[in-house]
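Structure data (PDB, C-alpha atoms and all ligand atoms) from run14.pdb:
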```pdb
ATOM      1  CA  MET D 297      79.410   6.419  48.430
ATOM      2  CA  LEU D 298      77.229   8.828  46.503
ATOM      3  CA  ALA D 299      74.983  11.225  48.386
ATOM      4  CA  GLU D 300      71.263  11.133  47.728
ATOM      5  CA  GLY D 301      70.520  13.473  44.838
ATOM      6  CA  GLN D 302      68.258  16.512  44.829
ATOM      7  CA  PRO D 303      64.553  15.845  44.351
ATOM      8  CA  VAL D 304      63.522  16.079  40.711
ATOM      9  CA  ASP D 305      61.813  19.394  40.060
ATOM     10  CA  GLN D 306      58.539  19.874  38.195
ATOM     11  CA  LEU D 307      60.202  21.818  35.371
ATOM     12  CA  THR D 308      62.445  18.850  34.588
ATOM     13  CA  LEU D 309      59.475  16.502  34.592
ATOM     14  CA  ARG D 310      57.352  18.759  32.437
ATOM     15  CA  ALA D 311      60.159  19.329  29.927
ATOM     16  CA  PHE D 312      60.676  15.575  29.585
ATOM     17  CA  GLN D 313      56.965  14.936  29.083
ATOM     18  CA  ARG D 314      56.626  17.756  26.531
ATOM     19  CA  ASP D 315      59.869  17.293  24.557
ATOM     20  CA  GLY D 316      60.741  13.616  25.017
ATOM     21  CA  TYR D 317      64.099  14.595  26.475
ATOM     22  CA  VAL D 318      65.534  16.816  29.175
ATOM     23  CA  VAL D 319      69.047  17.984  30.051
ATOM     24  CA  VAL D 320      70.174  18.086  33.685
ATOM     25  CA  ARG D 321      73.309  20.203  33.897
ATOM     26  CA  GLY D 322      76.201  19.130  36.140
ATOM     27  CA  MET D 323      74.318  16.100  37.456
ATOM     28  CA  CYS D 324      77.392  13.859  37.809
ATOM     29  CA  ASP D 325      80.128  15.209  40.001
ATOM     30  CA  ALA D 326      83.515  15.908  38.478
ATOM     31  CA  SER D 327      85.418  13.207  40.377
ATOM     32  CA  LEU D 328      83.089  10.419  39.185
ATOM     33  CA  VAL D 329      83.147  11.775  35.617
ATOM     34  CA  GLU D 330      86.939  11.684  35.734
ATOM     35  CA  GLU D 331      87.009   8.145  37.101
ATOM     36  CA  ILE D 332      84.586   6.874  34.434
ATOM     37  CA  ARG D 333      86.552   8.669  31.740
ATOM     38  CA  ASN D 334      89.839   7.178  32.969
ATOM     39  CA  VAL D 335      88.396   3.653  33.006
ATOM     40  CA  ALA D 336      86.993   4.163  29.495
ATOM     41  CA  ALA D 337      90.369   5.433  28.262
ATOM     42  CA  ALA D 338      92.135   2.417  29.823
ATOM     43  CA  HIS D 339      89.622   0.061  28.121
ATOM     44  CA  LEU D 340      90.259   1.713  24.770
ATOM     45  CA  ASN D 341      94.013   1.337  24.811
ATOM     46  CA  PRO D 342      94.652  -1.533  24.599
ATOM     47  CA  LEU D 343      91.088  -2.276  23.558
ATOM     48  CA  VAL D 344      89.137  -4.415  26.039
ATOM     49  CA  GLY D 345      86.210  -6.181  24.382
ATOM     50  CA  PRO D 346      83.416  -6.603  23.745
ATOM     51  CA  ALA D 347      83.337  -3.609  21.419
ATOM     52  CA  GLU D 348      81.377  -2.515  18.384
ATOM     53  CA  PHE D 349      83.468  -1.127  15.525
ATOM     54  CA  GLU D 350      82.636   1.705  13.159
ATOM     55  CA  ALA D 351      83.351  -0.597  10.221
ATOM     56  CA  GLU D 352      80.772  -3.125  11.479
ATOM     57  CA  VAL D 353      77.860  -0.696  11.539
ATOM     58  CA  GLY D 354      78.781   0.803   8.166
ATOM     59  CA  TYR D 355      77.115   4.150   8.858
ATOM     60  CA  PRO D 356      77.931   7.107   6.549
ATOM     61  CA  GLY D 357      81.605   8.020   6.939
ATOM     62  CA  ALA D 358      82.627   4.720   8.577
ATOM     63  CA  PRO D 359      85.716   2.848   7.312
ATOM     64  CA  ALA D 360      84.758   0.527   4.436
ATOM     65  CA  GLY D 361      85.775  -2.636   6.292
ATOM     66  CA  MET D 362      87.896  -3.986   9.118
ATOM     67  CA  ASP D 363      90.922  -4.090   6.776
ATOM     68  CA  ALA D 364      90.451  -0.510   5.505
ATOM     69  CA  PRO D 365      92.322   2.413   7.112
ATOM     70  CA  GLY D 366      90.709   3.059  10.509
ATOM     71  CA  GLY D 367      88.946  -0.327  10.292
ATOM     72  CA  HIS D 368      89.594  -1.107  13.945
ATOM     73  CA  THR D 369      88.108   2.153  15.240
ATOM     74  CA  PRO D 370      85.729   1.313  18.096
ATOM     75  CA  ARG D 371      82.305   2.924  18.141
ATOM     76  CA  ARG D 372      81.122   1.535  21.480
ATOM     77  CA  LEU D 373      82.666  -0.207  24.479
ATOM     78  CA  LEU D 374      79.883  -2.706  25.151
ATOM     79  CA  HIS D 375      78.669  -4.205  28.451
ATOM     80  CA  ALA D 376      79.716  -1.189  30.480
ATOM     81  CA  TYR D 377      77.759  -2.313  33.554
ATOM     82  CA  ALA D 378      79.932  -5.426  33.886
ATOM     83  CA  ARG D 379      83.198  -3.600  33.208
ATOM     84  CA  HIS D 380      83.883  -1.577  36.343
ATOM     85  CA  GLN D 381      82.475  -0.374  39.654
ATOM     86  CA  ALA D 382      82.693   3.263  38.473
ATOM     87  CA  PHE D 383      80.166   2.527  35.718
ATOM     88  CA  ARG D 384      77.876   0.745  38.164
ATOM     89  CA  ALA D 385      78.159   3.556  40.734
ATOM     90  CA  TRP D 386      76.761   6.027  38.215
ATOM     91  CA  ALA D 387      74.297   3.787  36.373
ATOM     92  CA  THR D 388      72.595   2.486  39.521
ATOM     93  CA  GLY D 389      73.379   5.389  41.857
ATOM     94  CA  PRO D 390      70.862   7.428  43.858
ATOM     95  CA  SER D 391      70.643  10.442  41.607
ATOM     96  CA  VAL D 392      69.938   8.401  38.444
ATOM     97  CA  ARG D 393      67.470   6.278  40.427
ATOM     98  CA  GLN D 394      65.593   9.298  41.789
ATOM     99  CA  HIS D 395      65.348  10.978  38.406
ATOM    100  CA  LEU D 396      64.122   7.827  36.702
ATOM    101  CA  ALA D 397      61.596   7.025  39.430
ATOM    102  CA  ALA D 398      60.154  10.503  38.892
ATOM    103  CA  LEU D 399      60.185  10.257  35.080
ATOM    104  CA  PHE D 400      58.617   6.775  35.131
ATOM    105  CA  GLY D 401      56.015   7.919  37.630
ATOM    106  CA  GLY D 402      57.210   6.025  40.698
ATOM    107  CA  ALA D 403      57.420   2.452  39.408
ATOM    108  CA  GLY D 404      60.444   0.265  40.238
ATOM    109  CA  VAL D 405      63.270   0.982  37.780
ATOM    110  CA  VAL D 406      65.378  -1.649  35.966
ATOM    111  CA  LEU D 407      68.603  -1.149  34.010
ATOM    112  CA  SER D 408      68.669  -3.070  30.723
ATOM    113  CA  GLN D 409      71.969  -4.826  30.101
ATOM    114  CA  ALA D 410      70.839  -5.494  26.531
ATOM    115  CA  HIS D 411      70.511  -1.953  25.178
ATOM    116  CA  HIS D 412      73.096   0.835  25.088
ATOM    117  CA  ASN D 413      74.921  -0.117  28.321
ATOM    118  CA  CYS D 414      78.033   1.257  26.658
ATOM    119  CA  VAL D 415      80.576   4.004  26.333
ATOM    120  CA  MET D 416      79.898   5.682  22.993
ATOM    121  CA  THR D 417      83.148   6.748  21.407
ATOM    122  CA  LYS D 418      83.640   9.177  18.549
ATOM    123  CA  HIS D 419      87.193   9.038  17.314
ATOM    124  CA  PRO D 420      88.804  11.739  15.214
ATOM    125  CA  GLY D 421      89.124  10.760  11.578
ATOM    126  CA  TYR D 422      87.046   7.591  11.474
ATOM    127  CA  SER D 423      83.777   8.272  13.266
ATOM    128  CA  SER D 424      80.476   8.036  11.414
ATOM    129  CA  VAL D 425      77.093   9.735  11.173
ATOM    130  CA  THR D 426      74.223   8.132  13.065
ATOM    131  CA  ARG D 427      71.100   8.920  11.045
ATOM    132  CA  TRP D 428      67.679   9.835  12.471
ATOM    133  CA  HIS D 429      65.988   6.993  14.311
ATOM    134  CA  GLN D 430      63.894   5.987  17.324
ATOM    135  CA  ASP D 431      65.563   3.407  19.543
ATOM    136  CA  ILE D 432      62.292   1.545  20.234
ATOM    137  CA  ARG D 433      62.175   0.385  16.605
ATOM    138  CA  TYR D 434      65.054  -1.969  17.467
ATOM    139  CA  TRP D 435      63.886  -2.980  20.968
ATOM    140  CA  SER D 436      61.108  -5.307  22.156
ATOM    141  CA  PHE D 437      59.193  -4.562  25.380
ATOM    142  CA  ASP D 438      55.563  -4.749  26.508
ATOM    143  CA  ARG D 439      55.298  -0.959  26.203
ATOM    144  CA  PRO D 440      57.396   1.581  24.259
ATOM    145  CA  GLU D 441      58.457   3.265  27.474
ATOM    146  CA  LEU D 442      62.195   3.187  28.072
ATOM    147  CA  ILE D 443      64.500   6.018  29.017
ATOM    148  CA  SER D 444      68.175   6.374  28.150
ATOM    149  CA  VAL D 445      70.578   8.311  30.325
ATOM    150  CA  TRP D 446      73.425   9.920  28.372
ATOM    151  CA  LEU D 447      76.270  11.183  30.544
ATOM    152  CA  ALA D 448      78.763  13.492  28.833
ATOM    153  CA  LEU D 449      82.340  12.624  29.822
ATOM    154  CA  GLY D 450      83.672  15.731  28.076
ATOM    155  CA  GLN D 451      82.380  18.559  25.945
ATOM    156  CA  GLU D 452      79.792  17.632  23.285
ATOM    157  CA  THR D 453      79.241  20.129  20.484
ATOM    158  CA  GLU D 454      77.907  20.212  16.938
ATOM    159  CA  THR D 455      81.525  19.912  15.756
ATOM    160  CA  ASN D 456      82.432  16.755  17.674
ATOM    161  CA  GLY D 457      79.183  14.926  16.925
ATOM    162  CA  ALA D 458      76.810  15.840  19.772
ATOM    163  CA  LEU D 459      73.391  14.244  20.011
ATOM    164  CA  LYS D 460      70.565  15.937  18.057
ATOM    165  CA  VAL D 461      66.889  15.461  18.856
ATOM    166  CA  VAL D 462      63.499  16.475  17.468
ATOM    167  CA  PRO D 463      61.570  17.879  20.459
ATOM    168  CA  GLY D 464      58.083  16.395  20.708
ATOM    169  CA  SER D 465      58.796  13.540  18.283
ATOM    170  CA  HIS D 466      58.126  10.978  21.042
ATOM    171  CA  VAL D 467      54.370  11.503  20.669
ATOM    172  CA  MET D 468      54.240  11.657  16.852
ATOM    173  CA  ASP D 469      52.904   8.848  14.713
ATOM    174  CA  ILE D 470      55.521   8.186  12.060
ATOM    175  CA  ASP D 471      54.250   5.887   9.317
ATOM    176  CA  ARG D 472      56.444   2.992   8.227
ATOM    177  CA  GLY D 473      56.748   4.548   4.760
ATOM    178  CA  ARG D 474      58.694   7.453   6.202
ATOM    179  CA  LEU D 475      61.465   5.065   7.270
ATOM    180  CA  ASP D 476      63.988   3.219   5.138
ATOM    181  CA  ARG D 477      64.873  -0.463   5.128
ATOM    182  CA  ASP D 478      67.002  -0.079   8.258
ATOM    183  CA  LEU D 479      64.326   1.996  10.053
ATOM    184  CA  PHE D 480      66.140   5.312   9.693
ATOM    185  CA  LEU D 481      64.072   8.357   8.746
ATOM    186  CA  ARG D 482      64.078   8.957   4.971
ATOM    187  CA  SER D 483      65.388  12.504   5.132
ATOM    188  CA  GLU D 484      64.671  13.124   1.428
ATOM    189  CA  LEU D 485      60.871  12.990   1.953
ATOM    190  CA  PRO D 486      59.293  16.476   2.259
ATOM    191  CA  ALA D 487      57.321  15.496   5.411
ATOM    192  CA  ASN D 488      60.537  14.368   7.072
ATOM    193  CA  GLU D 489      62.478  17.391   5.842
ATOM    194  CA  SER D 490      60.064  19.758   7.572
ATOM    195  CA  LEU D 491      60.157  17.637  10.736
ATOM    196  CA  LEU D 492      63.945  17.826  10.814
ATOM    197  CA  GLU D 493      63.836  21.632  10.587
ATOM    198  CA  GLN D 494      62.734  21.466  14.232
ATOM    199  CA  ALA D 495      65.821  19.486  15.315
ATOM    200  CA  VAL D 496      68.098  20.847  18.017
ATOM    201  CA  THR D 497      71.666  19.940  18.941
ATOM    202  CA  VAL D 498      72.094  19.015  22.594
ATOM    203  CA  GLU D 499      75.376  20.662  23.544
ATOM    204  CA  LEU D 500      76.816  19.359  26.809
ATOM    205  CA  ARG D 501      79.732  19.767  29.164
ATOM    206  CA  ALA D 502      81.343  17.018  31.228
ATOM    207  CA  GLY D 503      78.905  15.906  33.935
ATOM    208  CA  ASP D 504      75.767  17.058  32.085
ATOM    209  CA  VAL D 505      73.134  14.400  31.470
ATOM    210  CA  VAL D 506      70.432  13.969  28.823
ATOM    211  CA  PHE D 507      67.422  11.796  29.640
ATOM    212  CA  PHE D 508      65.648  10.796  26.420
ATOM    213  CA  GLY D 509      62.754   8.518  25.683
ATOM    214  CA  CYS D 510      62.957   5.539  23.334
ATOM    215  CA  ARG D 511      60.470   7.129  20.876
ATOM    216  CA  THR D 512      62.373  10.413  20.624
ATOM    217  CA  LEU D 513      63.909  10.878  17.181
ATOM    218  CA  HIS D 514      67.641  11.414  17.478
ATOM    219  CA  ALA D 515      70.807  11.429  15.404
ATOM    220  CA  ALA D 516      74.450  12.506  15.691
ATOM    221  CA  GLY D 517      77.158  13.727  13.342
ATOM    222  CA  LYS D 518      80.815  12.864  12.859
ATOM    223  CA  ASN D 519      83.531  14.060  15.181
ATOM    224  CA  LEU D 520      85.336  16.707  13.122
ATOM    225  CA  THR D 521      87.793  17.659  15.887
ATOM    226  CA  ASP D 522      91.077  15.966  16.746
ATOM    227  CA  GLU D 523      89.974  14.832  20.217
ATOM    228  CA  ILE D 524      87.958  11.757  21.078
ATOM    229  CA  LYS D 525      84.406  12.268  22.382
ATOM    230  CA  LEU D 526      83.202   9.861  25.086
ATOM    231  CA  SER D 527      79.699   9.463  26.520
ATOM    232  CA  PHE D 528      78.393   6.814  28.914
ATOM    233  CA  VAL D 529      74.884   5.669  27.955
ATOM    234  CA  THR D 530      72.515   3.360  29.858
ATOM    235  CA  THR D 531      68.856   2.478  29.326
ATOM    236  CA  TYR D 532      66.083   1.725  31.812
ATOM    237  CA  HIS D 533      62.502   0.499  31.955
ATOM    238  CA  ALA D 534      59.858   0.209  34.635
ATOM    239  CA  ALA D 535      59.822  -3.142  36.429
ATOM    240  CA  ASP D 536      56.355  -3.956  35.058
ATOM    241  CA  ASN D 537      57.394  -3.227  31.450
ATOM    242  CA  ARG D 538      59.031  -6.503  30.551
ATOM    243  CA  PRO D 539      61.202  -7.510  27.572
ATOM    244  CA  ILE D 540      59.452  -9.850  25.124
ATOM    245  CA  PRO D 541      60.798 -13.392  25.694
ATOM    246  CA  ASP D 542      63.299 -14.717  23.144
ATOM    247  CA  THR D 543      64.164 -11.282  21.748
ATOM    248  CA  ARG D 544      67.478  -9.424  21.974
ATOM    249  CA  SER D 545      65.890  -7.249  24.669
ATOM    250  CA  ALA D 546      65.539 -10.322  26.916
ATOM    251  CA  GLN D 547      69.080 -11.602  26.293
ATOM    252  CA  TYR D 548      70.508 -10.530  29.680
ATOM    253  CA  PRO D 549      68.846 -10.076  33.065
ATOM    254  CA  GLY D 550      67.871  -6.555  33.985
ATOM    255  CA  VAL D 551      69.389  -4.937  37.080
ATOM    256  CA  GLY D 552      66.869  -3.522  39.568
ATOM    257  CA  LEU D 553      67.851  -0.115  40.981
TER
HETATM  258  O1  LIG I   1      76.327   8.477  17.116
HETATM  259  C1  LIG I   1      75.871   8.767  18.196
HETATM  260  O2  LIG I   1      76.542   9.311  19.068
HETATM  261  C2  LIG I   1      74.424   8.447  18.497
HETATM  262  C3  LIG I   1      74.239   6.998  18.787
HETATM  263  C4  LIG I   1      72.806   6.598  18.824
HETATM  264  O3  LIG I   1      71.910   7.358  18.605
HETATM  265  C5  LIG I   1      72.442   5.213  19.084
HETATM  266  O4  LIG I   1      73.334   4.344  19.189
HETATM  267  O5  LIG I   1      71.215   4.949  19.224
END
```
With the file now loaded, output its structure as structure tokens.
Amino acid sequence: MLAEGQPVDQLTLRAFQRDGYVVVRGMCDASLVEEIRNVAAAHLNPLVGPAEFEAEVGYPGAPAGMDAPGGHTPRRLLHAYARHQAFRAWATGPSVRQHLAALFGGAGVVLSQAHHNCVMTKHPGYSSVTRWHQDIRYWSFDRPELISVWLALGQETETNGALKVVPGSHVMDIDRGRLDRDLFLRSELPANESLLEQAVTVELRAGDVVFFGCRTLHAAGKNLTDEIKLSFVTTYHAADNRPIPDTRSAQYPGVGL
């Protein structure tokens, strides 16, 4: 049983509102981090599906196909919520609930089973670059107000492909022309180049958590080390912010916290 977390302080709230993300250091205790990490490792070897593979997404640096060397490298263990009690204990536990209630301004909070809800894996050798994007461009809700909770299960650094964000990008209007066919930022455009000069790398240790909004521009590099990087990522919305019927966002029922 998890203890009730600490109340969310004003600095955390203000940082999230100003920057579109906030880091809460050491938010998940070491024993739960270890349990989640052990379950993730057991589900990676042998691989327990459903999974998304690097070769399927075809991002820069990914293996050219499932038959190419490294073609079976997983990128995400999908449907984490359904996989194990350890995932559920964190994703719906009191400290996540309290933080999200504060960040959403007190409304009831719902976990989306349709988005993220995964262990992100970055394997040595075959991981890829995730280019700059806003998650909301791929999601369908009444309002563009969702928050993802990224729990580091080990160290995350520039070298192993940590998350990068552009502070304040959640309130910027980014015209369609600044995005490519797949809705990634066109980094060659001068306006985007100067925006990306403001990017910061979110370096984390095991148990640290990043809360980031669905309009916050983010990206991540390859894992250049010889150790796997694992992060557990879940996404939430307020109960009155509903998925649009018949879209991917409405594919699975949400889980009220
Ligand atoms: O490659 C990464 O770790 C970032 C993943 C990401 O931004 C996403 O799936 O939306």
Starting from the displayed file, determine the output of the PyMOL selection byres (((not hetatm)) within 10 of (chain I and resi 1)) and express the residue list as a tab-separated table (two decimals) with C-alpha atoms, in the frame of the given file.
```
chain	number	residue	atom	x	y	z
D	355	TYR	CA	77.11	4.15	8.86
D	371	ARG	CA	82.30	2.92	18.14
D	372	ARG	CA	81.12	1.54	21.48
D	411	HIS	CA	70.51	-1.95	25.18
D	412	HIS	CA	73.10	0.84	25.09
D	414	CYS	CA	78.03	1.26	26.66
D	415	VAL	CA	80.58	4.00	26.33
D	416	MET	CA	79.90	5.68	22.99
D	417	THR	CA	83.15	6.75	21.41
D	418	LYS	CA	83.64	9.18	18.55
D	423	SER	CA	83.78	8.27	13.27
D	424	SER	CA	80.48	8.04	11.41
D	425	VAL	CA	77.09	9.74	11.17
D	426	THR	CA	74.22	8.13	13.06
D	427	ARG	CA	71.10	8.92	11.04
D	428	TRP	CA	67.68	9.84	12.47
D	429	HIS	CA	65.99	6.99	14.31
D	430	GLN	CA	63.89	5.99	17.32
D	431	ASP	CA	65.56	3.41	19.54
D	432	ILE	CA	62.29	1.54	20.23
D	434	TYR	CA	65.05	-1.97	17.47
D	444	SER	CA	68.18	6.37	28.15
D	446	TRP	CA	73.42	9.92	28.37
D	452	GLU	CA	79.79	17.63	23.28
D	456	ASN	CA	82.43	16.76	17.67
D	457	GLY	CA	79.18	14.93	16.92
D	458	ALA	CA	76.81	15.84	19.77
D	459	LEU	CA	73.39	14.24	20.01
D	460	LYS	CA	70.56	15.94	18.06
D	461	VAL	CA	66.89	15.46	18.86
D	510	CYS	CA	62.96	5.54	23.33
D	513	LEU	CA	63.91	10.88	17.18
D	514	HIS	CA	67.64	11.41	17.48
D	515	ALA	CA	70.81	11.43	15.40
D	516	ALA	CA	74.45	12.51	15.69
D	517	GLY	CA	77.16	13.73	13.34
D	518	LYS	CA	80.82	12.86	12.86
D	519	ASN	CA	83.53	14.06	15.18
D	525	LYS	CA	84.41	12.27	22.38
D	526	LEU	CA	83.20	9.86	25.09
D	527	SER	CA	79.70	9.46	26.52
D	529	VAL	CA	74.88	5.67	27.96
```
For the structure shown, which residues end up in the PyMOL selection byres (((chain D and resi 473-477) around 12) and not hetatm)? Put them as a compact mmCIF listing (two decimals) with C-alpha atoms, keeping the file's coordinate frame, please?
```
# COMPACT_ATOMS: atom_id res chain seq x y z
CA ARG D 427 71.10 8.92 11.04
CA TRP D 428 67.68 9.84 12.47
CA HIS D 429 65.99 6.99 14.31
CA GLN D 430 63.89 5.99 17.32
CA ARG D 433 62.18 0.38 16.60
CA ASP D 469 52.90 8.85 14.71
CA ILE D 470 55.52 8.19 12.06
CA ASP D 471 54.25 5.89 9.32
CA ARG D 472 56.44 2.99 8.23
CA ASP D 478 67.00 -0.08 8.26
CA LEU D 479 64.33 2.00 10.05
CA PHE D 480 66.14 5.31 9.69
CA LEU D 481 64.07 8.36 8.75
CA ARG D 482 64.08 8.96 4.97
CA SER D 483 65.39 12.50 5.13
CA GLU D 484 64.67 13.12 1.43
CA LEU D 485 60.87 12.99 1.95
CA PRO D 486 59.29 16.48 2.26
CA ALA D 487 57.32 15.50 5.41
CA ASN D 488 60.54 14.37 7.07
CA GLU D 489 62.48 17.39 5.84
CA LEU D 491 60.16 17.64 10.74
CA LEU D 513 63.91 10.88 17.18
```
Could you tell me, as a compact mmCIF listing (two decimals) with C-alpha atoms, in the coordinates of the input, exactly which residues end up selected when the PyMOL selection byres (((chain D and resi 376) around 10) and not hetatm) is applied to this structure?
```
# COMPACT_ATOMS: atom_id res chain seq x y z
CA ALA D 336 86.99 4.16 29.50
CA PRO D 346 83.42 -6.60 23.74
CA ARG D 372 81.12 1.54 21.48
CA LEU D 373 82.67 -0.21 24.48
CA LEU D 374 79.88 -2.71 25.15
CA HIS D 375 78.67 -4.20 28.45
CA TYR D 377 77.76 -2.31 33.55
CA ALA D 378 79.93 -5.43 33.89
CA ARG D 379 83.20 -3.60 33.21
CA HIS D 380 83.88 -1.58 36.34
CA GLN D 381 82.48 -0.37 39.65
CA ALA D 382 82.69 3.26 38.47
CA PHE D 383 80.17 2.53 35.72
CA ARG D 384 77.88 0.74 38.16
CA ALA D 387 74.30 3.79 36.37
CA GLN D 409 71.97 -4.83 30.10
CA HIS D 412 73.10 0.84 25.09
CA ASN D 413 74.92 -0.12 28.32
CA CYS D 414 78.03 1.26 26.66
CA VAL D 415 80.58 4.00 26.33
CA PHE D 528 78.39 6.81 28.91
CA VAL D 529 74.88 5.67 27.96
CA THR D 530 72.52 3.36 29.86
```
Give the answer as one residue: which of D:Ala360, D:Ser327, D:Tyr532, D:Gln313 has the shortest atom-to-atom distance to Val551 of chain D, using all atoms listed in the file?
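Of all the options, D:Tyr532 lies closest to Val551 of chain D.
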Identify the residues within 10 Å of coordinate (58.0, 7.1, 34.4) (same frame as the file), considering only C-alpha atoms, and give the answer as JSON, numbers by chain.
{"D": [309, 313, 395, 396, 397, 398, 399, 400, 401, 402, 403, 404, 405, 441, 442, 443, 533, 534]}
Ranking D:Asn341, D:Thr369, D:Ser391, D:Ser436 by minimum distance to Thr543 of chain D and counting only C-alpha atoms, which one comes first?
D:Ser436
Given the choices D:His368, D:Asp363, D:Val320, D:Ser465, which gets closest to Phe349 of chain D if the distance is worked out from all atoms listed in the file?
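Between D:His368, D:Asp363, D:Val320, D:Ser465, the residue approaching Phe349 of chain D most closely is D:His368.
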Let me have the centre and edge lengths of the axis-aligned box enclosing all listed atoms of segment 454-468 of chain D with 8 Å padding on every side, in Å to one decimal, as JSON.
```
{"center_x": 68.3, "center_y": 15.6, "center_z": 18.4, "size_x": 44.2, "size_y": 25.2, "size_z": 21.3}
```
